[in-house]
$ cat protein.txt   # compact mmCIF, C-alpha atoms
# COMPACT_ATOMS: atom_id res chain seq x y z
CA MET A 15 3.30 -18.24 1.04
CA CYS A 16 3.79 -14.76 2.43
CA GLY A 17 6.66 -14.82 4.89
CA ARG A 18 8.14 -11.30 4.89
CA TYR A 19 6.81 -7.83 4.14
CA THR A 20 7.38 -4.12 4.76
CA ILE A 21 5.40 -1.24 6.19
CA THR A 22 7.61 1.82 5.84
CA VAL A 23 5.05 4.65 5.89
CA THR A 24 4.61 7.10 8.74
CA LEU A 25 2.05 6.57 11.48
CA GLU A 26 0.14 9.58 10.16
CA GLU A 27 -0.09 8.04 6.68
CA LEU A 28 -1.24 4.75 8.15
CA MET A 29 -3.98 6.31 10.26
CA LEU A 30 -5.19 8.52 7.41
CA HIS A 31 -5.49 5.54 5.05
CA TYR A 32 -7.72 3.67 7.51
CA ASP A 33 -9.76 6.65 8.77
CA ILE A 34 -8.38 6.42 12.30
CA TYR A 35 -8.60 9.73 14.13
CA TYR A 36 -7.93 8.97 17.80
CA LYS A 37 -4.41 9.22 19.25
CA TYR A 38 -2.67 5.88 18.80
CA PRO A 39 -1.46 4.81 22.27
CA GLY A 40 1.26 2.37 21.18
CA ARG A 41 4.69 2.72 19.64
CA TYR A 42 5.13 2.62 15.89
CA ASN A 43 8.27 2.34 13.79
CA PRO A 44 8.57 1.76 10.04
CA LYS A 45 9.55 -1.85 9.33
CA TYR A 46 11.62 -3.02 6.37
CA ASN A 47 11.65 -6.74 7.14
CA VAL A 48 8.58 -7.89 9.05
CA ALA A 49 8.92 -11.59 9.93
CA PRO A 50 6.76 -14.39 11.39
CA GLY A 51 6.50 -14.43 15.17
CA GLN A 52 6.78 -10.64 15.43
CA GLN A 53 4.15 -8.20 16.59
CA VAL A 54 2.59 -6.68 13.46
CA MET A 55 0.28 -3.75 12.86
CA ALA A 56 -3.32 -4.71 12.12
CA ILE A 57 -6.70 -3.06 11.65
CA VAL A 58 -9.94 -4.39 13.14
CA HIS A 59 -13.41 -2.88 13.38
CA ASP A 60 -15.05 -2.69 16.80
CA GLY A 61 -18.57 -2.24 15.44
CA GLU A 62 -18.27 1.56 15.39
CA LYS A 63 -14.83 2.46 14.04
CA ASN A 64 -11.54 1.09 12.76
CA LYS A 65 -8.93 0.38 15.42
CA LEU A 66 -5.18 0.07 14.96
CA GLY A 67 -3.24 -2.35 17.13
CA GLU A 68 -0.71 -5.16 17.22
CA LEU A 69 -1.16 -8.88 16.69
CA ARG A 70 1.49 -11.57 16.74
CA TRP A 71 2.05 -13.11 13.31
CA GLY A 72 1.23 -16.81 13.49
CA LEU A 73 -2.36 -17.67 14.37
CA VAL A 74 -2.99 -19.67 17.54
CA PRO A 75 -6.62 -20.88 17.57
CA GLU A 76 -8.52 -20.32 20.81
CA TRP A 77 -8.80 -24.11 21.26
CA ALA A 78 -5.09 -24.85 20.78
CA LYS A 79 -3.27 -26.74 23.52
CA ASP A 80 0.08 -25.12 22.72
CA GLU A 81 0.94 -21.69 21.33
CA LYS A 82 3.67 -23.28 19.18
CA LEU A 83 0.90 -24.18 16.75
CA GLY A 84 1.10 -20.57 15.58
CA TYR A 85 4.31 -21.26 13.66
CA GLN A 86 2.30 -23.55 11.39
CA MET A 87 -0.40 -20.90 10.87
CA LEU A 88 1.50 -18.02 9.28
CA ASN A 89 -0.68 -18.20 6.16
CA ALA A 90 -4.20 -19.43 5.47
CA ARG A 91 -5.18 -20.66 2.01
CA ALA A 92 -8.21 -18.76 0.70
CA GLU A 93 -9.59 -21.89 -0.94
CA THR A 94 -9.97 -23.78 2.37
CA LEU A 95 -10.76 -21.08 4.96
CA ALA A 96 -14.31 -22.32 5.44
CA ASP A 97 -13.16 -25.92 5.93
CA LYS A 98 -10.14 -25.73 8.25
CA PRO A 99 -11.01 -25.80 11.98
CA ALA A 100 -8.34 -23.19 12.78
CA PHE A 101 -9.73 -20.68 10.29
CA ARG A 102 -13.48 -21.38 10.08
CA LYS A 103 -14.61 -19.22 13.02
CA PRO A 104 -12.14 -16.38 12.41
CA PHE A 105 -13.29 -16.28 8.77
CA GLU A 106 -16.83 -15.75 10.03
CA ARG A 107 -16.20 -13.32 12.87
CA LYS A 108 -12.55 -12.28 13.34
CA ARG A 109 -11.23 -10.68 10.19
CA CYS A 110 -8.53 -8.03 10.09
CA LEU A 111 -6.48 -5.99 7.66
CA ILE A 112 -2.70 -6.23 7.74
CA PRO A 113 -1.26 -3.06 6.21
CA ALA A 114 1.86 -3.22 4.04
CA ASP A 115 3.58 -1.32 1.26
CA SER A 116 5.39 -4.36 -0.17
CA PHE A 117 6.08 -8.02 0.44
CA TYR A 118 9.06 -10.23 -0.31
CA ASP A 119 9.27 -13.59 -1.98
CA TRP A 120 12.09 -15.69 -3.35
CA LYS A 121 12.48 -16.52 -7.04
CA GLY A 122 14.24 -19.67 -8.19
CA THR A 123 15.11 -22.98 -6.57
CA GLY A 124 17.86 -24.53 -4.47
CA LYS A 125 20.71 -22.35 -3.26
CA HIS A 126 20.22 -19.73 -5.94
CA LYS A 127 16.98 -18.12 -4.81
CA GLN A 128 16.72 -14.41 -5.50
CA PRO A 129 14.70 -12.29 -3.06
CA MET A 130 12.22 -10.02 -4.81
CA ARG A 131 10.29 -7.05 -3.47
CA ILE A 132 6.72 -6.86 -4.79
CA MET A 133 4.61 -3.71 -4.49
CA LEU A 134 1.85 -1.69 -6.09
CA ARG A 135 2.72 0.55 -9.02
CA SER A 136 1.34 3.42 -6.94
CA LYS A 137 3.93 2.51 -4.26
CA GLY A 138 1.19 3.10 -1.71
CA ILE A 139 -0.24 1.24 1.27
CA PHE A 140 -2.29 -1.88 0.61
CA SER A 141 -4.25 -4.22 2.85
CA MET A 142 -3.55 -7.93 3.09
CA ALA A 143 -6.58 -9.93 4.19
CA GLY A 144 -6.00 -11.40 7.62
CA LEU A 145 -7.71 -13.44 10.31
CA TYR A 146 -7.10 -13.18 14.04
CA ASP A 147 -7.87 -15.07 17.21
CA THR A 148 -7.10 -14.85 20.93
CA TRP A 149 -5.59 -17.76 22.84
CA THR A 150 -5.44 -18.05 26.61
CA SER A 151 -2.42 -19.81 28.09
CA PRO A 152 -2.66 -22.14 31.10
CA ASP A 153 -1.51 -19.26 33.36
CA GLY A 154 -4.26 -16.99 32.05
CA THR A 155 -2.16 -14.89 29.66
CA ARG A 156 -4.14 -13.81 26.59
CA ILE A 157 -2.26 -13.74 23.28
CA SER A 158 -3.83 -12.22 20.16
CA THR A 159 -2.43 -13.57 16.91
CA CYS A 160 -3.08 -13.37 13.17
CA THR A 161 -2.51 -15.06 9.84
CA VAL A 162 -2.22 -13.72 6.28
CA VAL A 163 -4.70 -15.12 3.75
CA THR A 164 -3.08 -16.26 0.50
CA THR A 165 -4.41 -17.08 -2.95
CA GLU A 166 -3.05 -18.35 -6.25
CA ALA A 167 -0.46 -16.19 -7.98
CA ASN A 168 -1.35 -13.61 -10.60
CA GLU A 169 0.69 -13.38 -13.83
CA LEU A 170 3.41 -11.25 -12.23
CA MET A 171 3.79 -13.50 -9.20
CA ALA A 172 3.62 -16.75 -11.15
CA ASP A 173 7.19 -16.12 -12.30
CA ILE A 174 8.28 -15.81 -8.65
CA HIS A 175 6.03 -18.06 -6.55
CA GLU A 176 2.79 -19.99 -6.96
CA ARG A 177 1.06 -18.18 -4.09
CA MET A 178 0.61 -14.55 -3.04
CA PRO A 179 -1.16 -12.69 -0.23
CA VAL A 180 -4.75 -11.63 -0.83
CA ILE A 181 -4.57 -7.88 -1.44
CA LEU A 182 -7.98 -6.31 -0.99
CA PRO A 183 -9.10 -3.48 -3.29
CA ARG A 184 -9.44 -0.26 -1.29
CA GLU A 185 -13.23 -0.23 -1.69
CA MET A 186 -13.48 -3.77 -0.27
CA GLU A 187 -11.52 -3.16 2.94
CA ALA A 188 -14.65 -2.10 4.85
CA VAL A 189 -16.54 -5.14 3.60
CA TRP A 190 -13.83 -7.48 4.89
CA LEU A 191 -13.94 -5.79 8.30
CA ASP A 192 -17.74 -5.68 8.53
CA ARG A 193 -18.62 -7.77 11.59
CA SER A 194 -22.25 -8.04 10.52
CA ILE A 195 -21.22 -10.25 7.60
CA THR A 196 -20.94 -13.81 8.89
CA ASN A 197 -21.95 -15.61 5.71
CA THR A 198 -18.55 -16.45 4.26
CA ASN A 199 -20.04 -17.10 0.83
CA GLU A 200 -20.37 -13.32 0.55
CA LEU A 201 -16.67 -12.89 1.30
CA GLN A 202 -15.18 -15.63 -0.85
CA PRO A 203 -15.32 -13.50 -4.06
CA LEU A 204 -12.94 -11.00 -2.41
CA LEU A 205 -10.18 -13.58 -2.16
CA GLN A 206 -8.85 -13.21 -5.70
CA PRO A 207 -5.36 -12.51 -7.04
CA TYR A 208 -4.72 -8.77 -7.29
CA PRO A 209 -4.42 -7.50 -10.90
CA SER A 210 -0.83 -8.00 -12.02
CA ASP A 211 -0.84 -4.86 -14.17
CA LEU A 212 -1.17 -2.80 -10.99
CA MET A 213 1.94 -4.34 -9.42
CA PHE A 214 5.66 -4.59 -10.08
CA ALA A 215 8.65 -6.43 -8.62
CA TYR A 216 12.39 -5.90 -8.39
CA PRO A 217 15.35 -7.85 -6.94
CA VAL A 218 16.78 -6.93 -3.53
CA SER A 219 19.70 -8.04 -1.40
CA SER A 220 19.82 -11.42 0.31
CA ARG A 221 20.02 -9.39 3.56
CA VAL A 222 16.24 -9.74 3.84
CA GLY A 223 16.75 -13.43 4.60
CA ASN A 224 18.07 -12.50 8.03
CA VAL A 225 15.37 -11.15 10.37
CA ARG A 226 17.96 -9.06 12.21
CA ASN A 227 18.32 -6.89 9.13
CA ASP A 228 15.57 -4.28 9.28
CA ASP A 229 16.68 -1.11 7.54
CA GLU A 230 16.43 0.76 4.25
CA GLN A 231 19.14 -1.41 2.68
CA CYS A 232 16.58 -4.23 2.56
CA ILE A 233 14.55 -2.41 -0.07
CA GLU A 234 17.35 -1.03 -2.23
CA PRO A 235 17.17 -2.33 -5.83
CA LEU A 236 19.81 -4.91 -6.64
CA SER A 237 21.62 -4.85 -9.99
CA LEU A 238 21.83 -8.40 -11.27
CA LEU A 239 24.63 -9.59 -13.53
CA LEU A 240 23.00 -11.24 -16.53
$ encode --input "protein.txt" --output "structure tokens"
Amino acid sequence: MCGRYTITVTLEELMLHYDIYYKYPGRYNPKYNVAPGQQVMAIVHDGEKNKLGELRWGLVPEWAKDEKLGYQMLNARAETLADKPAFRKPFERKRCLIPADSFYDWKGTGKHKQPMRIMLRSKGIFSMAGLYDTWTSPDGTRISTCTVVTTEANELMADIHERMPVILPREMEAVWLDRSITNTNELQPLLQPYPSDLMFAYPVSSRVGNVRNDDEQCIEPLSLLL
């Protein structure tokens, strides 16, 4: 699964990457330990242009009776998007990009799991494929939420975890956001493991296991005693 990630670039870098030219009205701060349940930055397309905004991580389907269902919907398996009731409609009509510059996963088993930071060799921004939906609470409050699509691990990730987020090639980001594409058979080929030779990983401190730790120390390389 994908349960933690970082987005440490400036707002200007983020907007430039996604061709967003209007003044962003919200607050933005670099994040070194993004966790489930938090508000996360996301990109959607409104039919004319890309828009940057926040979604809560943990998808709550529009038909859900309780928003707590979102804690079970942090990730969505690429192989079953078209079959699962929670993901079928969003896969057709409510797709988003979740920008990141790395993600974390834990290597090993039991009490001796080592957190690893995984990123592109370019060290640049990448887009995780996401789905979103809007749920209305009994009191009328509307909550917009998202999930990260995952796929099988590539060769690099296989040594760390069996799953990884779907990282979309830059040229495919617009295709994923294109609201005119509702035939999911056209989108399924995008949901492949990212080439491992374009990525690298290194060990980091166990501090990332605590969501209260959100600073540059989270991404500092850790020297392991072999």
$ residues_near_point --input "protein.txt" --point "(5.4, -15.8, 4.4)" --cutoff "10 Å" --atoms "all atoms listed in the file" --output "PDB file with C-alpha atoms, in the frame of the given file"
ATOM      1  CA  MET A  15       3.300 -18.240   1.040  1.00  0.00           C
ATOM      2  CA  CYS A  16       3.790 -14.760   2.430  1.00  0.00           C
ATOM      3  CA  GLY A  17       6.660 -14.820   4.890  1.00  0.00           C
ATOM      4  CA  ARG A  18       8.140 -11.300   4.890  1.00  0.00           C
ATOM      5  CA  TYR A  19       6.810  -7.830   4.140  1.00  0.00           C
ATOM      6  CA  VAL A  48       8.580  -7.890   9.050  1.00  0.00           C
ATOM      7  CA  ALA A  49       8.920 -11.590   9.930  1.00  0.00           C
ATOM      8  CA  PRO A  50       6.760 -14.390  11.390  1.00  0.00           C
ATOM      9  CA  TRP A  71       2.050 -13.110  13.310  1.00  0.00           C
ATOM     10  CA  LEU A  88       1.500 -18.020   9.280  1.00  0.00           C
ATOM     11  CA  ASN A  89      -0.680 -18.200   6.160  1.00  0.00           C
ATOM     12  CA  PHE A 117       6.080  -8.020   0.440  1.00  0.00           C
ATOM     13  CA  TYR A 118       9.060 -10.230  -0.310  1.00  0.00           C
ATOM     14  CA  ASP A 119       9.270 -13.590  -1.980  1.00  0.00           C
ATOM     15  CA  THR A 161      -2.510 -15.060   9.840  1.00  0.00           C
ATOM     16  CA  VAL A 162      -2.220 -13.720   6.280  1.00  0.00           C
ATOM     17  CA  THR A 164      -3.080 -16.260   0.500  1.00  0.00           C
ATOM     18  CA  ARG A 177       1.060 -18.180  -4.090  1.00  0.00           C
ATOM     19  CA  MET A 178       0.610 -14.550  -3.040  1.00  0.00           C
ATOM     20  CA  PRO A 179      -1.160 -12.690  -0.230  1.00  0.00           C
TER      21      PRO A 179
END
$ closest_residue --input "protein.txt" --among "A:Met130, A:Ile233, A:Leu145, A:Ile181" --to "A:Phe101" --atoms "all atoms listed in the file"
A:Leu145
$ closest_residue --input "protein.txt" --among "A:Cys110, A:Ile57, A:Ile157, A:Leu95" --to "A:Arg70" --atoms "all atoms listed in the file"
A:Ile157
$ closest_residue --input "protein.txt" --among "A:Tyr208, A:Tyr85, A:Tyr38, A:Tyr216" --to "A:Phe140" --atoms "all atoms listed in the file"
A:Tyr208
$ atom_distance --input "protein.txt" --atom1 "atom CA of A:Ala114" --atom2 "atom CA of A:Ile132"
10.7 Å
$ atom_distance --input "protein.txt" --atom1 "atom CA of A:Ile112" --atom2 "atom CA of A:Lys79"
25.9 Å
$ axis_aligned_box --input "protein.txt" --around "stretch 21-25 of chain A" --padding-each-side "3 Å" --output "lines of an AutoDock Vina configuration file"
center_x = 4.8
center_y = 2.9
center_z = 8.7
size_x = 11.6
size_y = 14.3
size_z = 11.6
$ atom_distance --input "protein.txt" --atom1 "atom CA of A:Met29" --atom2 "atom CA of A:Leu66"
7.9 Å
$ residues_around --input "protein.txt" --residues "A:Lys45" --least-positions-apart "2" --cutoff "10 Å" --atoms "only C-alpha atoms" --output "ChimeraX atom specification"
/A:19-23,42-43,47-49,54,114,228-230
$ residues_around --input "protein.txt" --residues "A:Lys82" --least-positions-apart "6" --cutoff "10 Å" --atoms "all atoms listed in the file" --output "list in words"
Gly72, Leu73 and Val74 of chain A
$ residues_around --input "protein.txt" --residues "stretch 136-139 of chain A" --least-positions-apart "4" --cutoff "9 Å" --atoms "only C-alpha atoms" --output "PyMOL selection string"
chain A and resi 21+23+27-28+31+113-116+212-213
$ closest_residue --input "protein.txt" --among "A:Thr159, A:Asp173, A:Thr150, A:Gln128" --to "A:Ser220" --atoms "only C-alpha atoms"
A:Gln128
$ closest_residue --input "protein.txt" --among "A:Trp149, A:Leu111, A:Pro75, A:Asn197" --to "A:Arg184" --atoms "only C-alpha atoms"
A:Leu111
$ closest_residue --input "protein.txt" --among "A:Ala56, A:Cys232, A:Ala92, A:Val222" --to "A:Val180" --atoms "all atoms listed in the file"
A:Ala92
$ decode --input "protein.txt" --residues "stretch 136-195 of chain A" --atoms "C-alpha atoms" --output "PDB file, in the first residue's frame"
ATOM      1  CA  SER A 136      15.495  13.116 -11.160  1.00  0.00           C
ATOM      2  CA  LYS A 137      14.355  13.975  -7.597  1.00  0.00           C
ATOM      3  CA  GLY A 138      11.475  15.849  -9.196  1.00  0.00           C
ATOM      4  CA  ILE A 139       7.714  16.000  -8.767  1.00  0.00           C
ATOM      5  CA  PHE A 140       5.661  13.015  -9.885  1.00  0.00           C
ATOM      6  CA  SER A 141       1.942  12.331 -10.055  1.00  0.00           C
ATOM      7  CA  MET A 142       0.282   9.453  -8.256  1.00  0.00           C
ATOM      8  CA  ALA A 143      -2.960   8.366  -9.903  1.00  0.00           C
ATOM      9  CA  GLY A 144      -5.891   9.146  -7.646  1.00  0.00           C
ATOM     10  CA  LEU A 145      -9.672   8.972  -7.509  1.00  0.00           C
ATOM     11  CA  TYR A 146     -11.946  11.342  -5.622  1.00  0.00           C
ATOM     12  CA  ASP A 147     -15.551  11.584  -4.529  1.00  0.00           C
ATOM     13  CA  THR A 148     -17.759  13.920  -2.500  1.00  0.00           C
ATOM     14  CA  TRP A 149     -19.848  12.665   0.416  1.00  0.00           C
ATOM     15  CA  THR A 150     -22.653  14.603   2.074  1.00  0.00           C
ATOM     16  CA  SER A 151     -23.131  14.084   5.806  1.00  0.00           C
ATOM     17  CA  PRO A 152     -26.580  13.898   7.434  1.00  0.00           C
ATOM     18  CA  ASP A 153     -26.237  17.575   8.461  1.00  0.00           C
ATOM     19  CA  GLY A 154     -25.504  18.619   4.875  1.00  0.00           C
ATOM     20  CA  THR A 155     -21.723  19.025   5.181  1.00  0.00           C
ATOM     21  CA  ARG A 156     -19.925  18.097   1.955  1.00  0.00           C
ATOM     22  CA  ILE A 157     -16.587  16.301   2.315  1.00  0.00           C
ATOM     23  CA  SER A 158     -14.328  15.719  -0.703  1.00  0.00           C
ATOM     24  CA  THR A 159     -11.969  12.782  -0.323  1.00  0.00           C
ATOM     25  CA  CYS A 160      -9.476  10.784  -2.376  1.00  0.00           C
ATOM     26  CA  THR A 161      -7.619   7.503  -2.657  1.00  0.00           C
ATOM     27  CA  VAL A 162      -4.237   6.574  -4.166  1.00  0.00           C
ATOM     28  CA  VAL A 163      -4.289   3.913  -6.884  1.00  0.00           C
ATOM     29  CA  THR A 164      -1.719   1.153  -6.380  1.00  0.00           C
ATOM     30  CA  THR A 165      -0.262  -1.532  -8.623  1.00  0.00           C
ATOM     31  CA  GLU A 166       2.158  -4.432  -8.321  1.00  0.00           C
ATOM     32  CA  ALA A 167       5.729  -3.584  -7.347  1.00  0.00           C
ATOM     33  CA  ASN A 168       8.460  -2.996  -9.888  1.00  0.00           C
ATOM     34  CA  GLU A 169      11.905  -4.603  -9.408  1.00  0.00           C
ATOM     35  CA  LEU A 170      13.101  -1.877  -7.045  1.00  0.00           C
ATOM     36  CA  MET A 171       9.984  -1.967  -4.889  1.00  0.00           C
ATOM     37  CA  ALA A 172       9.711  -5.756  -4.827  1.00  0.00           C
ATOM     38  CA  ASP A 173      12.577  -5.809  -2.328  1.00  0.00           C
ATOM     39  CA  ILE A 174      10.617  -3.439  -0.070  1.00  0.00           C
ATOM     40  CA  HIS A 175       6.899  -4.133  -0.568  1.00  0.00           C
ATOM     41  CA  GLU A 176       4.683  -6.029  -2.988  1.00  0.00           C
ATOM     42  CA  ARG A 177       2.658  -2.942  -3.945  1.00  0.00           C
ATOM     43  CA  MET A 178       3.467   0.616  -5.007  1.00  0.00           C
ATOM     44  CA  PRO A 179       1.496   3.705  -6.028  1.00  0.00           C
ATOM     45  CA  VAL A 180       0.723   4.139  -9.713  1.00  0.00           C
ATOM     46  CA  ILE A 181       3.093   6.871 -10.898  1.00  0.00           C
ATOM     47  CA  LEU A 182       1.898   8.320 -14.173  1.00  0.00           C
ATOM     48  CA  PRO A 183       4.412   9.295 -16.873  1.00  0.00           C
ATOM     49  CA  ARG A 184       4.386  13.064 -17.357  1.00  0.00           C
ATOM     50  CA  GLU A 185       2.862  12.765 -20.830  1.00  0.00           C
ATOM     51  CA  MET A 186      -0.025  10.674 -19.460  1.00  0.00           C
ATOM     52  CA  GLU A 187      -1.109  13.067 -16.703  1.00  0.00           C
ATOM     53  CA  ALA A 188      -3.482  14.954 -19.020  1.00  0.00           C
ATOM     54  CA  VAL A 189      -4.976  11.697 -20.256  1.00  0.00           C
ATOM     55  CA  TRP A 190      -5.761  10.591 -16.700  1.00  0.00           C
ATOM     56  CA  LEU A 191      -7.452  13.928 -15.989  1.00  0.00           C
ATOM     57  CA  ASP A 192      -9.402  14.054 -19.263  1.00  0.00           C
ATOM     58  CA  ARG A 193     -13.070  14.070 -18.244  1.00  0.00           C
ATOM     59  CA  SER A 194     -14.184  13.145 -21.752  1.00  0.00           C
ATOM     60  CA  ILE A 195     -12.652   9.684 -21.317  1.00  0.00           C
TER      61      ILE A 195
END
